[in-house]
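J.: So that you have it, the file is structure_8.txt, and it contains compact mmCIF, C-alpha atoms:
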```
# COMPACT_ATOMS: atom_id res chain seq x y z
CA MET A 2 -6.88 1.52 -22.74
CA PHE A 3 -4.01 3.89 -22.11
CA SER A 4 -1.82 5.16 -24.95
CA GLN A 5 1.97 4.82 -24.91
CA GLU A 6 2.22 8.51 -23.90
CA GLU A 7 -0.29 8.11 -21.10
CA ARG A 8 1.54 5.02 -19.81
CA GLU A 9 4.71 7.09 -19.61
CA VAL A 10 2.96 9.72 -17.50
CA ILE A 11 1.82 6.99 -15.08
CA TYR A 12 5.32 5.52 -14.78
CA ASP A 13 6.69 9.04 -14.43
CA VAL A 14 4.64 9.81 -11.33
CA ILE A 15 5.54 6.41 -9.85
CA TYR A 16 9.27 7.18 -10.32
CA LYS A 17 9.14 10.84 -9.26
CA ARG A 18 7.14 10.33 -6.04
CA ARG A 19 9.32 11.06 -3.02
CA ASP A 20 9.03 11.09 0.77
CA VAL A 21 9.48 14.76 1.69
CA ARG A 22 10.46 16.33 5.02
CA THR A 23 10.80 20.04 4.10
CA PHE A 24 7.74 22.17 3.44
CA LEU A 25 6.78 25.77 2.63
CA PRO A 26 4.05 27.40 4.75
CA ASP A 27 1.71 27.98 1.77
CA PRO A 28 -1.70 26.45 2.45
CA VAL A 29 -3.22 23.70 0.26
CA SER A 30 -6.68 24.42 -1.19
CA SER A 31 -9.50 22.19 -0.03
CA GLU A 32 -10.37 21.31 -3.67
CA VAL A 33 -6.92 19.78 -4.10
CA ILE A 34 -7.18 17.92 -0.79
CA GLN A 35 -10.56 16.52 -1.79
CA ARG A 36 -9.04 15.16 -5.02
CA VAL A 37 -6.18 13.59 -3.08
CA LEU A 38 -8.60 11.98 -0.61
CA GLN A 39 -10.84 10.71 -3.42
CA ALA A 40 -7.75 9.01 -4.86
CA ALA A 41 -7.12 7.40 -1.46
CA HIS A 42 -10.77 6.33 -1.21
CA HIS A 43 -10.49 4.59 -4.61
CA ALA A 44 -7.75 2.28 -3.38
CA PRO A 45 -8.49 -1.44 -3.33
CA SER A 46 -9.63 -2.88 0.00
CA VAL A 47 -10.07 -6.44 1.16
CA GLY A 48 -13.75 -7.44 0.91
CA PHE A 49 -14.35 -3.80 -0.22
CA MET A 50 -14.28 -2.92 3.51
CA GLN A 51 -12.84 0.60 2.97
CA PRO A 52 -11.42 0.57 6.51
CA TRP A 53 -9.90 4.07 6.36
CA ASN A 54 -10.65 7.41 7.97
CA PHE A 55 -8.79 10.67 7.45
CA ILE A 56 -8.26 13.16 10.28
CA LEU A 57 -7.25 16.51 8.75
CA ILE A 58 -5.19 18.65 11.11
CA THR A 59 -4.22 22.26 10.55
CA SER A 60 -4.24 23.45 14.17
CA ALA A 61 -0.73 24.62 15.16
CA ASP A 62 -1.30 23.38 18.69
CA ILE A 63 -2.24 19.82 17.67
CA LYS A 64 0.60 19.66 15.13
CA LYS A 65 2.98 20.72 17.91
CA ARG A 66 1.80 17.84 20.08
CA LEU A 67 2.16 15.34 17.23
CA ALA A 68 5.68 16.65 16.56
CA TRP A 69 6.46 16.15 20.26
CA ALA A 70 5.34 12.50 20.03
CA ALA A 71 7.56 12.01 16.96
CA GLU A 72 10.55 13.76 18.57
CA LYS A 73 10.35 11.48 21.63
CA GLU A 74 10.51 8.42 19.38
CA ARG A 75 13.35 9.87 17.31
CA ARG A 76 15.45 10.22 20.46
CA ALA A 77 14.46 6.70 21.58
CA LEU A 78 15.61 5.31 18.23
CA ALA A 79 18.88 7.28 18.29
CA ILE A 80 19.95 5.20 21.29
CA HIS A 81 20.14 2.11 19.06
CA TYR A 82 22.70 3.67 16.71
CA GLU A 83 26.35 4.18 17.58
CA ASP A 84 29.40 6.11 16.30
CA GLU A 85 29.19 7.25 12.69
CA ARG A 86 25.70 5.78 12.17
CA LYS A 87 24.47 7.79 15.16
CA THR A 88 25.93 11.07 13.88
CA LYS A 89 24.39 10.43 10.49
CA PHE A 90 21.03 9.58 12.05
CA LEU A 91 20.93 12.73 14.14
CA GLU A 92 21.63 14.81 11.05
CA LEU A 93 18.63 13.35 9.24
CA LYS A 94 15.40 15.28 9.29
CA VAL A 95 12.84 12.60 10.06
CA GLU A 96 9.65 14.64 9.98
CA GLY A 97 8.21 17.98 8.91
CA ILE A 98 4.98 18.05 10.94
CA ILE A 99 5.31 21.63 12.20
CA GLN A 100 6.44 22.99 8.82
CA ALA A 101 3.78 21.35 6.68
CA PRO A 102 0.49 23.28 6.59
CA LEU A 103 -1.56 20.06 6.68
CA THR A 104 -1.22 16.84 8.65
CA ILE A 105 -3.46 13.87 7.90
CA CYS A 106 -3.74 10.96 10.29
CA VAL A 107 -4.87 7.93 8.26
CA THR A 108 -6.52 5.29 10.40
CA CYS A 109 -7.76 1.71 10.05
CA ASP A 110 -11.01 0.45 11.56
CA SER A 111 -10.70 -3.36 11.73
CA THR A 112 -14.34 -3.70 12.77
CA ARG A 113 -15.71 -2.11 9.61
CA GLY A 114 -17.64 -4.47 7.38
CA GLY A 115 -18.61 -6.80 10.20
CA SER A 116 -16.97 -9.82 11.80
CA HIS A 117 -16.23 -11.83 8.65
CA VAL A 118 -14.88 -9.59 5.95
CA LEU A 119 -14.45 -11.50 2.69
CA GLY A 120 -10.76 -12.30 2.23
CA ARG A 121 -9.69 -11.07 5.68
CA ASN A 122 -10.40 -14.37 7.41
CA SER A 123 -7.16 -15.99 6.35
CA ILE A 124 -4.90 -12.93 6.62
CA PRO A 125 -6.27 -10.43 9.15
CA GLU A 126 -3.66 -7.74 8.43
CA THR A 127 -5.10 -7.26 4.93
CA ASP A 128 -7.05 -4.38 6.48
CA ILE A 129 -3.92 -2.29 7.17
CA LEU A 130 -2.50 -3.38 3.81
CA SER A 131 -5.60 -1.83 2.22
CA VAL A 132 -4.91 1.39 4.12
CA ALA A 133 -1.31 1.35 2.82
CA CYS A 134 -2.67 1.10 -0.75
CA ALA A 135 -4.82 4.16 -0.02
CA ILE A 136 -1.76 6.03 1.27
CA GLN A 137 0.21 5.12 -1.88
CA ASN A 138 -2.65 6.54 -3.97
CA MET A 139 -2.47 9.75 -1.89
CA TRP A 140 1.26 9.91 -2.53
CA LEU A 141 0.88 9.61 -6.30
CA ALA A 142 -2.01 12.09 -6.29
CA THR A 143 -0.07 14.68 -4.25
CA CYS A 144 2.90 14.26 -6.60
CA ALA A 145 0.59 14.73 -9.60
CA GLU A 146 -0.76 17.91 -7.94
CA GLY A 147 2.74 19.36 -7.49
CA LEU A 148 2.52 18.82 -3.74
CA ALA A 149 5.00 17.16 -1.40
CA MET A 150 4.07 14.44 1.07
CA GLY A 151 5.88 12.73 3.92
CA TRP A 152 4.90 9.59 5.85
CA VAL A 153 5.93 9.82 9.51
CA SER A 154 6.15 6.50 11.38
CA PHE A 155 8.05 7.75 14.43
CA TYR A 156 5.42 7.65 17.16
CA LYS A 157 3.75 5.49 19.75
CA LYS A 158 0.20 4.80 18.59
CA ASN A 159 -1.23 5.53 22.04
CA ASP A 160 0.36 9.01 22.06
CA VAL A 161 -1.39 9.75 18.77
CA ARG A 162 -4.65 8.23 20.07
CA ASP A 163 -4.47 10.53 23.10
CA ILE A 164 -3.71 13.66 21.05
CA LEU A 165 -6.40 13.04 18.41
CA GLN A 166 -9.03 11.39 20.66
CA ILE A 167 -8.89 8.18 18.62
CA PRO A 168 -10.76 5.21 20.18
CA PRO A 169 -8.63 2.24 21.30
CA HIS A 170 -9.86 -0.13 18.55
CA ILE A 171 -8.84 2.26 15.76
CA ASP A 172 -5.28 1.97 14.42
CA PRO A 173 -3.57 5.30 13.60
CA VAL A 174 -1.60 3.72 10.71
CA ALA A 175 0.20 6.83 9.48
CA ILE A 176 0.84 10.49 10.11
CA ILE A 177 1.06 12.22 6.75
CA SER A 178 2.50 15.70 6.14
CA ILE A 179 1.31 17.55 3.03
CA GLY A 180 2.33 20.90 1.61
CA TYR A 181 4.34 22.59 -1.12
CA THR A 182 8.11 22.45 -1.14
CA ASN A 183 11.00 24.01 -3.01
CA GLU A 184 13.22 21.05 -2.18
CA TYR A 185 11.58 18.13 -3.97
CA PRO A 186 14.22 15.36 -3.87
CA SER A 187 15.30 13.74 -7.13
CA ALA A 188 16.18 10.52 -5.26
CA PRO A 189 15.08 9.03 -1.91
CA ILE A 190 16.47 11.19 0.90
CA LEU A 191 17.97 8.14 2.63
CA GLU A 192 19.78 7.29 -0.63
CA GLN A 193 21.03 10.88 -0.97
CA ALA A 194 22.27 10.75 2.63
CA ASN A 195 24.12 7.46 1.90
CA TRP A 196 21.99 5.76 4.54
CA GLU A 197 20.83 2.93 2.23
CA LYS A 198 21.33 2.08 -1.45
CA ARG A 199 18.68 1.04 -3.94
CA ARG A 200 18.93 -2.71 -4.44
CA SER A 201 19.15 -4.34 -7.83
CA LEU A 202 15.65 -5.46 -8.87
CA GLN A 203 17.05 -8.55 -10.62
CA ASN A 204 18.37 -9.89 -7.31
CA LEU A 205 14.89 -9.64 -5.82
CA ILE A 206 13.16 -11.76 -8.49
CA PHE A 207 12.85 -15.53 -8.20
CA TYR A 208 11.30 -18.02 -10.62
CA GLU A 209 8.75 -20.72 -9.71
CA GLU A 210 10.06 -20.98 -6.15
CA TRP A 211 12.01 -19.05 -3.50
CA GLY A 212 15.73 -18.64 -4.23
CA ASN A 213 15.59 -19.81 -7.85
CA GLN A 214 17.19 -17.14 -10.05
CA GLU A 215 17.53 -19.46 -13.09
CA MET B 7 5.48 19.41 -12.63
CA PHE B 8 2.58 17.61 -14.24
CA SER B 9 0.18 19.42 -16.59
CA GLN B 10 -3.59 19.41 -16.06
CA GLU B 11 -3.90 16.74 -18.78
CA GLU B 12 -1.21 14.56 -17.23
CA ARG B 13 -2.86 14.87 -13.81
CA GLU B 14 -6.09 13.59 -15.32
CA VAL B 15 -4.30 10.52 -16.73
CA ILE B 16 -2.94 9.77 -13.25
CA TYR B 17 -6.36 10.08 -11.61
CA ASP B 18 -7.82 8.05 -14.45
CA VAL B 19 -5.63 5.02 -13.76
CA ILE B 20 -6.31 5.34 -10.01
CA TYR B 21 -10.09 5.27 -10.69
CA LYS B 22 -10.02 2.56 -13.39
CA ARG B 23 -7.82 0.05 -11.53
CA ARG B 24 -9.85 -3.03 -10.58
CA ASP B 25 -9.35 -6.33 -8.81
CA VAL B 26 -9.86 -8.91 -11.56
CA ARG B 27 -10.70 -12.62 -11.29
CA THR B 28 -11.22 -13.62 -14.95
CA PHE B 29 -8.29 -13.96 -17.32
CA LEU B 30 -7.50 -14.95 -20.92
CA PRO B 31 -4.71 -17.51 -21.48
CA ASP B 32 -2.56 -15.08 -23.57
CA PRO B 33 0.93 -14.83 -22.07
CA VAL B 34 2.41 -11.54 -20.81
CA SER B 35 5.75 -10.51 -22.33
CA SER B 36 8.73 -10.35 -20.01
CA GLU B 37 9.41 -6.71 -21.01
CA VAL B 38 5.99 -5.70 -19.70
CA ILE B 39 6.51 -7.71 -16.50
CA GLN B 40 9.87 -6.04 -15.94
CA ARG B 41 8.22 -2.60 -16.21
CA VAL B 42 5.52 -3.65 -13.74
CA LEU B 43 8.14 -4.95 -11.28
CA GLN B 44 10.26 -1.79 -11.64
CA ALA B 45 7.15 0.18 -10.68
CA ALA B 46 6.78 -2.04 -7.60
CA HIS B 47 10.46 -1.62 -6.74
CA HIS B 48 10.05 2.18 -6.83
CA ALA B 49 7.46 2.13 -4.07
CA PRO B 50 8.32 3.91 -0.83
CA SER B 51 9.70 1.73 1.96
CA VAL B 52 10.35 2.43 5.62
CA GLY B 53 14.03 3.26 6.14
CA PHE B 54 14.43 2.52 2.38
CA MET B 55 14.55 -1.16 3.40
CA GLN B 56 12.96 -2.45 0.15
CA PRO B 57 11.75 -5.58 1.96
CA TRP B 58 10.10 -7.20 -1.09
CA ASN B 59 10.85 -10.20 -3.28
CA PHE B 60 8.83 -11.36 -6.28
CA ILE B 61 8.39 -15.06 -7.08
CA LEU B 62 7.19 -15.37 -10.69
CA ILE B 63 5.18 -18.53 -11.29
CA THR B 64 4.07 -19.81 -14.67
CA SER B 65 4.25 -23.57 -13.97
CA ALA B 66 0.77 -25.10 -14.32
CA ASP B 67 1.58 -27.58 -11.57
CA ILE B 68 2.59 -24.93 -9.00
CA LYS B 69 -0.39 -22.74 -9.91
CA LYS B 70 -2.65 -25.75 -9.38
CA ARG B 71 -1.25 -26.24 -5.88
CA LEU B 72 -1.68 -22.54 -5.04
CA ALA B 73 -5.27 -22.70 -6.30
CA TRP B 74 -5.83 -25.73 -4.05
CA ALA B 75 -4.58 -23.73 -1.02
CA ALA B 76 -6.97 -20.89 -1.93
CA GLU B 77 -9.92 -23.23 -2.52
CA LYS B 78 -9.46 -24.83 0.93
CA GLU B 79 -9.65 -21.38 2.54
CA ARG B 80 -12.65 -20.37 0.46
CA ARG B 81 -14.56 -23.37 1.77
CA ALA B 82 -13.40 -22.63 5.33
CA LEU B 83 -14.70 -19.06 5.03
CA ALA B 84 -18.03 -20.18 3.50
CA ILE B 85 -18.84 -21.86 6.83
CA HIS B 86 -19.07 -18.42 8.47
CA TYR B 87 -21.82 -17.21 6.14
CA GLU B 88 -25.43 -18.31 6.33
CA ASP B 89 -28.62 -18.22 4.21
CA GLU B 90 -28.67 -15.60 1.47
CA ARG B 91 -25.15 -14.33 2.28
CA LYS B 92 -23.82 -17.89 1.88
CA THR B 93 -25.47 -18.40 -1.52
CA LYS B 94 -24.10 -15.07 -2.68
CA PHE B 95 -20.62 -15.90 -1.37
CA LEU B 96 -20.53 -19.26 -3.14
CA GLU B 97 -21.47 -17.57 -6.41
CA LEU B 98 -18.52 -15.17 -6.17
CA LYS B 99 -15.35 -16.04 -8.02
CA VAL B 100 -12.67 -15.33 -5.45
CA GLU B 101 -9.57 -16.15 -7.49
CA GLY B 102 -8.30 -16.76 -11.01
CA ILE B 103 -4.96 -18.43 -10.26
CA ILE B 104 -5.32 -21.29 -12.76
CA GLN B 105 -6.69 -19.02 -15.53
CA ALA B 106 -4.10 -16.26 -15.26
CA PRO B 107 -0.90 -17.00 -17.19
CA LEU B 108 1.27 -15.47 -14.45
CA THR B 109 1.15 -15.65 -10.67
CA ILE B 110 3.45 -13.48 -8.56
CA CYS B 111 3.95 -14.16 -4.88
CA VAL B 112 5.07 -10.88 -3.27
CA THR B 113 6.93 -11.44 -0.01
CA CYS B 114 8.27 -9.37 2.86
CA ASP B 115 11.65 -9.95 4.51
CA SER B 116 11.47 -8.30 7.95
CA THR B 117 15.18 -8.90 8.53
CA ARG B 118 16.31 -6.86 5.54
CA GLY B 119 18.19 -3.70 6.42
CA GLY B 120 19.40 -5.00 9.78
CA SER B 121 17.95 -5.00 13.26
CA HIS B 122 17.09 -1.29 13.56
CA VAL B 123 15.51 -0.06 10.37
CA LEU B 124 14.94 3.69 10.50
CA GLY B 125 11.26 4.35 11.17
CA ARG B 126 10.38 0.70 11.84
CA ASN B 127 11.29 0.80 15.52
CA SER B 128 8.05 2.40 16.62
CA ILE B 129 5.71 0.62 14.20
CA PRO B 130 7.15 -2.76 13.16
CA GLU B 131 4.42 -3.53 10.61
CA THR B 132 5.62 -0.64 8.42
CA ASP B 133 7.57 -3.32 6.53
CA ILE B 134 4.41 -5.04 5.23
CA LEU B 135 2.83 -1.61 4.64
CA SER B 136 5.78 -0.87 2.33
CA VAL B 137 5.09 -4.12 0.48
CA ALA B 138 1.43 -3.08 0.10
CA CYS B 139 2.58 0.22 -1.48
CA ALA B 140 4.67 -1.82 -3.95
CA ILE B 141 1.62 -3.95 -4.77
CA GLN B 142 -0.48 -0.83 -5.37
CA ASN B 143 2.20 0.41 -7.80
CA MET B 144 2.02 -2.96 -9.59
CA TRP B 145 -1.73 -2.61 -9.80
CA LEU B 146 -1.57 0.84 -11.38
CA ALA B 147 1.24 -0.26 -13.73
CA THR B 148 -0.68 -3.35 -14.90
CA CYS B 149 -3.76 -1.20 -15.49
CA ALA B 150 -1.63 1.28 -17.48
CA GLU B 151 -0.31 -1.66 -19.55
CA GLY B 152 -3.83 -2.87 -20.39
CA LEU B 153 -3.36 -5.89 -18.12
CA ALA B 154 -5.64 -7.23 -15.41
CA MET B 155 -4.49 -8.05 -11.89
CA GLY B 156 -6.06 -9.79 -8.92
CA TRP B 157 -4.86 -9.93 -5.31
CA VAL B 158 -5.69 -13.27 -3.68
CA SER B 159 -5.69 -13.31 0.14
CA PHE B 160 -7.46 -16.65 0.62
CA TYR B 161 -4.67 -18.90 1.85
CA LYS B 162 -2.78 -20.08 4.89
CA LYS B 163 0.71 -18.61 4.73
CA ASN B 164 2.31 -21.92 5.67
CA ASP B 165 0.62 -23.68 2.73
CA VAL B 166 2.15 -21.09 0.40
CA ARG B 167 5.53 -21.38 2.15
CA ASP B 168 5.44 -25.15 1.59
CA ILE B 169 4.46 -24.89 -2.06
CA LEU B 170 7.01 -22.18 -2.95
CA GLN B 171 9.83 -23.28 -0.58
CA ILE B 172 9.67 -19.94 1.26
CA PRO B 173 11.72 -19.81 4.51
CA PRO B 174 9.77 -19.43 7.77
CA HIS B 175 10.92 -15.84 8.45
CA ILE B 176 9.65 -14.60 5.07
CA ASP B 177 6.04 -13.39 4.89
CA PRO B 178 4.15 -14.34 1.69
CA VAL B 179 2.10 -11.11 1.79
CA ALA B 180 0.13 -11.58 -1.42
CA ILE B 181 -0.61 -13.93 -4.29
CA ILE B 182 -1.09 -11.83 -7.40
CA SER B 183 -2.66 -13.02 -10.66
CA ILE B 184 -1.72 -11.17 -13.84
CA GLY B 185 -2.94 -11.56 -17.40
CA TYR B 186 -5.16 -10.07 -20.06
CA THR B 187 -8.93 -10.10 -19.74
CA ASN B 188 -11.98 -9.32 -21.81
CA GLU B 189 -14.04 -8.71 -18.70
CA TYR B 190 -12.41 -5.67 -17.11
CA PRO B 191 -14.95 -4.51 -14.48
CA SER B 192 -16.16 -0.92 -14.55
CA ALA B 193 -16.82 -1.03 -10.78
CA PRO B 194 -15.48 -3.21 -7.93
CA ILE B 195 -16.78 -6.76 -8.39
CA LEU B 196 -18.08 -6.86 -4.80
CA GLU B 197 -20.03 -3.66 -5.53
CA GLN B 198 -21.42 -5.14 -8.76
CA ALA B 199 -22.46 -8.27 -6.84
CA ASN B 200 -24.22 -6.10 -4.20
CA TRP B 201 -21.88 -7.51 -1.56
CA GLU B 202 -20.76 -4.10 -0.29
CA LYS B 203 -21.45 -0.48 -1.27
CA ARG B 204 -18.91 2.30 -1.73
CA ARG B 205 -19.05 4.54 1.33
CA SER B 206 -19.41 8.29 1.16
CA LEU B 207 -15.95 9.85 1.44
CA GLN B 208 -17.33 12.83 3.37
CA ASN B 209 -18.41 10.52 6.21
CA LEU B 210 -14.85 9.23 6.51
CA ILE B 211 -13.21 12.65 6.98
CA PHE B 212 -12.74 14.23 10.41
CA TYR B 213 -11.25 17.60 11.34
CA GLU B 214 -8.57 18.19 14.00
CA GLU B 215 -9.68 15.15 16.02
CA TRP B 216 -11.51 11.83 15.68
CA GLY B 217 -15.29 12.15 15.19
CA ASN B 218 -15.31 15.88 14.48
CA GLN B 219 -17.14 16.48 11.19
CA GLU B 220 -17.61 20.22 11.80
```
Take the structure in the file and give it back as structure tokens.
T.:
Amino acid sequence: MFSQEEREVIYDVIYKRRDVRTFLPDPVSSEVIQRVLQAAHHAPSVGFMQPWNFILITSADIKKRLAWAAEKERRALAIHYEDERKTKFLELKVEGIIQAPLTICVTCDSTRGGSHVLGRNSIPETDILSVACAIQNMWLATCAEGLAMGWVSFYKKNDVRDILQIPPHIDPVAIISIGYTNEYPSAPILEQANWEKRRSLQNLIFYEEWGNQE
Amino acid sequence: MFSQEEREVIYDVIYKRRDVRTFLPDPVSSEVIQRVLQAAHHAPSVGFMQPWNFILITSADIKKRLAWAAEKERRALAIHYEDERKTKFLELKVEGIIQAPLTICVTCDSTRGGSHVLGRNSIPETDILSVACAIQNMWLATCAEGLAMGWVSFYKKNDVRDILQIPPHIDPVAIISIGYTNEYPSAPILEQANWEKRRSLQNLIFYEEWGNQE
């Protein structure tokens, strides 16, 4: 059982965790990274399939190629925005791959655990949902360690497969940047940039069936 | 910044969190549920789209129908297992929907945030990955509150849509059971049942590219 004080620490890290795009060059010790990855590895997974792998990248050359893949997609997305929204978008920093000392590609192996993973039969995408739970654990662990973490989703999966030699059946679910920062945001960066607002939780809750707010 | 002691509390909840299938009938107060849902709502989401809704179900009749949908799928899955694996599967308790005082259906609305959500253009399934991060926050929050939680993924989405009046474009990502328990597992129930083993983390880590274990 957790005490009242301990509960508050747990809620605190959940509220303080932020997606970060600005990093200092200071390296992260391998002991800290091992703790963060152990936290990821203790995420829940459907049928206990543990479908994740972690590719740790510190090579400047490989990070440069990943940043190139992200930059291509950023420009492709910019085309969909117009006028003020476009200006705002182009001002946003969408990734910090080059800056961050460590990049981690988190992957999902759908074949792990055999052909009939318990609980994955009805909803096959529960494998990538398990990987997302692992990534959320990494996020809370990095925050607890005083580190900053960013989740980059601007890339074509086949570009990342090519760069990191990932086999075709493996899904590169996320590119994660990890490092220290002196600009840890106090609110989501897209909220600070007036891109989106936080919704009211009460409007998102229904009772007994969809749409019923009592 | 978190102190060494606070960090240990955070890792502690990450390690102690379990998927639970056995619940006591004691109700959960709405204050506690609100804290758990606030934790979910403070998960990261792609483009800050916050695609989740939470349908809170306490009606015995609706829970019975959800349990029926899960039981159908359990029997459908059992057909894929043979011999010893089948016996073992049929002994497993795969859900506790009727027992748990509260069921929460967590959904994903892919249309929220408009047609071009920042960061979702390249990888569309980042919306359900965001919902999975919210569910992981709920899991850690329930554990911190001394509650037990189970994620049921044995169902056909259209059965759940019918039962809960969910529109066709909304994805019922997860059926969550929440309540108190006197059987909180010290290890994953599928590990305790010798269904699967925990893998060695070191075998899951690669360096610079896929397959490279240095």
J.: State, in Å with one decimal place, the distance from atom CA of Ala199 of chain B to atom CA of Lys94 of chain B.
T.: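 For atom CA of Ala199 of chain B relative to atom CA of Lys94 of chain B, the distance reads 8.1 Å.
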J.: Show me which bits of chain A are within 6 Å of chain B, counting only C-alpha atoms, as a PyMOL selection string.
T.: chain A and resi 2-3+8+11+54-58+120+123+130+133-134+137+145+147+154-156+165-167+205-211
J.: Near segment 25-32 of chain A, within 6 Å and counting only C-alpha atoms, which residues show up once chain neighbours fewer than 2 positions away are dropped, as number ranges by chain?
T.: A: 34-35, 102, 181-182
J.: Please compute the atom CA of Gly151 of chain A-atom CA of Glu96 of chain A distance, one decimal, in Å.
T.: 7.4 Å
J.: State, in Å with one decimal place, the distance from atom CA of Ser116 of chain B to atom CA of Asp133 of chain B.
T.: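 So the two atoms, atom CA of Ser116 of chain B and atom CA of Asp133 of chain B, lie 6.5 Å apart.
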